[in-house]
Amino acid sequence: MTYQPQSDFGTPASRAQEDVTLTIDGRAVTVPSGTSVMRAAAEQGTAIPKLCATDSLASFGSCRLCLVEIDGRRGTPASCTTPVEPGMIVHTQTPHLQKLRKGVMELYISDHPLDCLTCAANGDCELQDQAGAVGLRDVRYEPKATHLGQAKDHSNPYFDFDPSKCIACSRCVRACDEVQGTLALTVQGRGFDSKISAGMASDNFLGSECVSCGACVQACPTATLVEKKVVEIGTPERAVVTTCAYCGVGCTFRAEMRGEQLVRMVPWKDGKANRGHSCVKGRFAWGYAQHQERILKPMIRSAISDPWREVSWDEAFAYAASELKRISAKYGRNALGGITSSRCTNEETFLVQKLIRAGFGNNNVDTCARVCHSPTGYGLKTTFGTSAGTQDFDSVEDTDVILVIGANPTDGHPVFASRMKRRLRQGAKLIVVDPRRTDLVRSPHIEAQHHLPLRPGTNVAVLTAMAHTIVTEGLVDEAFVRDRCDWDEFQDWAAFVSEERNSPETLEAITQVPAADLRAAARLYATGGNGAIYYGLGVTEHSQGSSTVMAIANLAMATGNVGRRGVGVNPLRGQNNVQGACDMGSFPHELPGYRHISDVATRELFEREWGVALDPEPGLRIPNMLDAATDGVFKAIYIQGEDILQSDPNTHHVAAGLEAMECVIVHDLFLNETANYAHIFLPGSTFLEKNGTFTNAERRIQPVRKVMSPLNGYEDWEVTQKLAQALGLDWGYTHPSQIMDEVARLTPSFAGVSFDRLDEEGSLQWPVNESAPNGSPIMHIDGFVRGKGKFVVTDYVPTDERTGPRFPLLLTTGRILSQYNVGAQTRRTENVVWHEEDVLEIHPVDAENRGVKSGDWVRLASRAGETTLRASVTDRVAPGVVYTTFHHPLTQANVVTTDYSDWATNCPEYKVTAVQITPSNGPTQWQEDYMDLQRRSRRIAPAAEAAE
Amino acid sequence: MTTIDNLVRMANQIATNLAYEGDPTAATAEHIQLFWDPRMKKLIFDHGDEGLSPVAAAAIAALKAAA
């Protein structure tokens, strides 16, 4: 599309059901009651001049530019704060109004620099537009006291703050309050002295509590808050709507372009996942796409000790195919496998699993969901019948009690966290179950009614104790259970949880959660109205991850909190397309649509479409592949867009498995850590360089649109297709829409999905089929997908990972706002300014016992390995618990994590590792050796040497 | 940890967590049948009962007999 700013109706839409008809400038218009006169006019096509109003914020009524005349009313009310009334007759343009507006604008301009031609917002400035709209031709006032000439704040890496251009409309302050919910900005002073300030007057933006979500920049009507890229490049000339490639919220953005250069990413107001909001990653942290470390040419090497040799694409595909064929012939077809990427599109993951099943001839395909949400798939399919969450994000607007367990949404899923916080500020109650005092527990205008700081590894015990309270205190929604669930299974479950050994009082010794607090939280969830559970990897990454998911489902069913808005079970997915990767058949036991590979009818469907016989046996999961590699029977792997050396547990074991293989093909943007052990490197493309779809945590399928040519020459689906063709497969896709068409033909829940329909609708939530042609925002409304909801007895089983004298502390891991997963993308952006290195959080008591102060180097050791990093002493963690992130390869937190995993899915137990902390004076020998390996393995032979 | 040690631990974990199913042995056997690849099954079939819980051992014996 040619560049135009998004339409701005001035005030938010009303959700009222009743309509009101009024007359504006002689034309009748009908709008929902509660709509402002300004919005009604905008919907009619009449743009009333405005400055302090924007439709993402509640009306404010301060700029006095949007004045109108209304028959029968005195004065000139502000149209943004005046609601419509039946029969109202409004005049938006009269000589009197024109004079008033011109006078108001004259005052604004009298204290505004007249540097429009050199201003970054020239041509994209509301003040400039409105000056034109009101017909301002001169300014009569002599400049005396003004706000001109103030120092700019350049501290934020992504945007500048120029107070001289501020018109004190408060849109930035209100955006920070209403949209983001951080309340970092304020108006310091009064009257003429009013000045926007980030935090205290002495703070700059970087040093303040600002989280750089960009809401203030988006709201600013002038160049007061402006993206540095706009300053550097200029204003955009076109915009393309696409989907963010960071977390599972799946925000949609307008990629605003100048030629093939990305100027800025602006959250799309019509995006149904983000509703016009963004976080620091999606809004600003896309610089990695053009980072100098991107590898753009294919490379091969015979041995991992050799330097890389750049080759043509043809040579790379031919070499890869010959190696895969050689290994298959020598060791058998089961010696090959692959990993799909949750960062790639649905179409790309579909092709990788198809390549492995139809080309390699086995089912050795897995995905990073193995190490994050595989227990969600197992647990929700078992209990409800569908491997996905039950709600859309909008549902939280009707929630009365939010139960967050094992998730840190303000850091991991910040845009949804903002929507959650908005609901909490409106009065919803909050329960947080987490070993750490996350930001959500207490933040501006929000305080959890209950924070249950459980001991890591005791989720099942806590949930069972909550169930005990609900059942024994008569809080079960019996009508719901009798109608919707298997009553016999419920009775078995109710009898189990009612046993005294499952009471909060008995389990307190295990969970370390005070029984009275736990009972109060359970009562609130069961009786507080619409109860919704949101959970993350703090639930799944345990030896009982699947049991915990089922325990959550049990609680929701027992209290009738499934099947309508405001309730449900909501997994917060880690990566942008982890839901989609699972949907597309990335697990070794399931074909697309979660149908088991042993099901004859399903297998025959795919065999007919693909023209090959499929292996009816499940394949290897990632940890099983690595075991088989160290056993010498798994020899080749194709890894698209994953960095298992850094992301998967027990780094030493991962390295040993990769080193034992004869052909490791890494298909990625960068020479990642896994590529240290690779023989073939196929350059990948970013989300900006490809077409396709991502599916977010609410099952929402959204378009990914190519806004620039792939720097490496090919979109990722093309690379996989060329590899398949080199192996002799007869693939001829010319556009990813054809891949989605194939998915739709083969997968009932995607039957109604196509690129055309996605273009029409913007997005669709699966299932999309004959019975739900427009998708399914909320699941299980009239009944569970599996029929009757299944209660599963989830007995608490302690992990095998135990603390003891050698390893007395429990390590749990997570992520922070500015970084993403293994940091391959965010470490290559300015986001490092907020997180230069992984640090270890340790409680003051544990720190003092070890003589550790904040900033000290400490040695973090477990039974699996050891690393060093700096300490941060904080009571966010409980005594006995330490915490760190895994964003930096030279810390490699996963050197410390173990092989223990979820009983049902092998999802690693990242969240519980017994460790010891001791003071250290620098990196471990392993870290020194690793840095050397990393340096050696990234050598690229000079062209002359490569040619020899 | 060797692969077979790991498989033994996994089988025991499955049996323990399915202890409340109507027929824990059958449930354990079904789970292994549905989620383990043929090589993993063969390794545990060839391993014998050492280290396996009674339910896990019975499940594996049943699977082996049906294979």
# chains A, B, ... in the order shown; residues from 1 in each chain; ligands from 1
>>> select_by_dssp(residues="range 105-354 of chain A", states="alpha helix (DSSP H)", output="VMD selection string")
chain A and resid 105 to 110 126 to 133 171 to 174 215 to 219 228 to 233 280 to 284 313 to 331 346 to 354
>>> interface_residues(of="chain B", to="chain A", cutoff="12 Å", atoms="only C-alpha atoms", output="JSON, numbers by chain")
{"B": [1, 2, 3, 4, 5, 6, 7, 8, 9, 10, 11, 12, 13, 14, 15, 16, 17, 18, 19, 20, 21, 22, 27, 28, 30, 31, 32, 33, 34, 35, 36, 37, 38, 39, 40, 41, 43]}
>>> atom_distance(atom1="CA of Glu689 in chain A", atom2="CA of Asp643 in chain A")
20.5 Å
>>> atom_distance(atom1="CA of Gly359 in chain A", atom2="CA of Leu746 in chain A")
18.1 Å
>>> atom_distance(atom1="CA of Pro298 in chain A", atom2="CA of Gln261 in chain A")
24.1 Å
>>> residues_around(residues="range 459-468 of chain A", least_positions_apart="4", cutoff="8 Å", atoms="only C-alpha atoms", output="list of chain:residue names")
A:Leu454, A:Thr472, A:Ala494, A:Val497, A:Ser498, A:Glu499, A:Asn502, A:Ser503, A:Pro504, A:Leu507, A:Ile510, A:Thr511, A:Val513, A:Leu518, A:Arg519, A:Ala521, A:Ala522, A:Val539, A:Gln544, A:Ser547, A:Thr548, A:Ala551, A:Ile552, A:Leu555, A:Thr794, A:Asp795, A:Tyr796
>>> residues_around(residues="His888 in chain A", least_positions_apart="2", cutoff="7 Å", atoms="only C-alpha atoms", output="PDB file with N, CA, C and O atoms, in the first residue's frame")
ATOM      1  N   VAL A 822      17.561 -17.758  22.891  1.00  0.00           N
ATOM      2  CA  VAL A 822      19.019 -17.843  23.007  1.00  0.00           C
ATOM      3  C   VAL A 822      19.707 -16.533  22.627  1.00  0.00           C
ATOM      4  O   VAL A 822      20.934 -16.467  22.595  1.00  0.00           O
ATOM      5  N   GLY A 823      18.926 -15.525  22.345  1.00  0.00           N
ATOM      6  CA  GLY A 823      19.492 -14.198  22.108  1.00  0.00           C
ATOM      7  C   GLY A 823      20.099 -14.003  20.734  1.00  0.00           C
ATOM      8  O   GLY A 823      20.685 -12.955  20.459  1.00  0.00           O
ATOM      9  N   GLU A 837      24.728  -9.249  29.773  1.00  0.00           N
ATOM     10  CA  GLU A 837      25.165 -10.587  30.150  1.00  0.00           C
ATOM     11  C   GLU A 837      24.098 -11.229  31.036  1.00  0.00           C
ATOM     12  O   GLU A 837      23.272 -10.539  31.640  1.00  0.00           O
ATOM     13  N   ASP A 838      24.121 -12.551  31.104  1.00  0.00           N
ATOM     14  CA  ASP A 838      23.248 -13.251  32.044  1.00  0.00           C
ATOM     15  C   ASP A 838      23.802 -13.063  33.453  1.00  0.00           C
ATOM     16  O   ASP A 838      25.013 -13.100  33.663  1.00  0.00           O
ATOM     17  N   PHE A 886      19.168 -17.503  29.930  1.00  0.00           N
ATOM     18  CA  PHE A 886      20.035 -18.307  29.049  1.00  0.00           C
ATOM     19  C   PHE A 886      20.216 -17.620  27.702  1.00  0.00           C
ATOM     20  O   PHE A 886      20.260 -18.247  26.657  1.00  0.00           O
ATOM     21  N   LEU A 890      28.150 -17.418  26.061  1.00  0.00           N
ATOM     22  CA  LEU A 890      29.357 -17.600  26.860  1.00  0.00           C
ATOM     23  C   LEU A 890      29.039 -17.846  28.328  1.00  0.00           C
ATOM     24  O   LEU A 890      29.915 -18.205  29.111  1.00  0.00           O
ATOM     25  N   THR A 891      27.792 -17.659  28.711  1.00  0.00           N
ATOM     26  CA  THR A 891      27.377 -18.115  30.047  1.00  0.00           C
ATOM     27  C   THR A 891      26.901 -19.557  29.944  1.00  0.00           C
ATOM     28  O   THR A 891      27.265 -20.398  30.752  1.00  0.00           O
ATOM     29  N   GLN A 892      26.092 -19.817  28.911  1.00  0.00           N
ATOM     30  CA  GLN A 892      25.594 -21.173  28.664  1.00  0.00           C
ATOM     31  C   GLN A 892      24.988 -21.790  29.928  1.00  0.00           C
ATOM     32  O   GLN A 892      25.489 -22.775  30.471  1.00  0.00           O
TER      33      GLN A 892
END
>>> residues_around(residues="Pro649 in chain A", least_positions_apart="6", cutoff="8 Å", atoms="only C-alpha atoms", output="ChimeraX atom specification")
/A:894-899,908,910
>>> write_last_selection(atoms="N, CA, C and O atoms", output="compact mmCIF listing (two decimals), in the first residue's frame")
# COMPACT_ATOMS: atom_id res chain seq x y z
N ASN A 894 22.76 -23.65 30.19
CA ASN A 894 22.39 -25.05 30.00
C ASN A 894 23.55 -26.02 30.13
O ASN A 894 23.37 -27.23 30.01
N VAL A 895 24.74 -25.50 30.38
CA VAL A 895 25.83 -26.39 30.80
C VAL A 895 25.47 -27.01 32.15
O VAL A 895 25.90 -28.11 32.49
N VAL A 896 24.65 -26.29 32.89
CA VAL A 896 24.34 -26.68 34.26
C VAL A 896 23.08 -27.56 34.33
O VAL A 896 22.97 -28.43 35.19
N THR A 897 22.12 -27.32 33.42
CA THR A 897 20.86 -28.06 33.50
C THR A 897 21.06 -29.53 33.14
O THR A 897 22.03 -29.89 32.46
N THR A 898 20.10 -30.36 33.52
CA THR A 898 20.32 -31.80 33.49
C THR A 898 19.49 -32.48 32.41
O THR A 898 18.71 -31.86 31.70
N ASP A 899 19.66 -33.80 32.33
CA ASP A 899 18.91 -34.61 31.36
C ASP A 899 17.50 -34.95 31.85
O ASP A 899 16.73 -35.56 31.11
N PRO A 908 12.49 -31.04 28.77
CA PRO A 908 13.52 -30.98 29.81
C PRO A 908 13.06 -30.26 31.07
O PRO A 908 12.25 -29.34 31.02
N TYR A 910 14.12 -27.83 32.87
CA TYR A 910 14.98 -26.66 33.02
C TYR A 910 14.78 -25.96 34.37
O TYR A 910 15.65 -25.25 34.84
>>> residues_around(residues="Gly48 in chain B", least_positions_apart="6", cutoff="10 Å", atoms="only C-alpha atoms", output="list of chain:residue names")
B:Val8, B:Ala57, B:Ile60, B:Ala61
>>> select_by_dssp(residues="range 392-495 of chain A", states="strand (DSSP E)", output="list in words")
Val401, Ile402, Leu403, Val404, Ile405, Lys429, Leu430, Ile431, Val432, Val433, Arg442, Ser443, Ile446, Glu447, His450, His451 and Leu452 of chain A
>>> residues_around(residues="range 386-394 of chain A", least_positions_apart="5", cutoff="6 Å", atoms="only C-alpha atoms", output="list in words")
Gly377, Leu380, Lys381, Gly568, Val569, Asn570, Pro571, Glu698, Pro777, Ile778 and Met779 of chain A
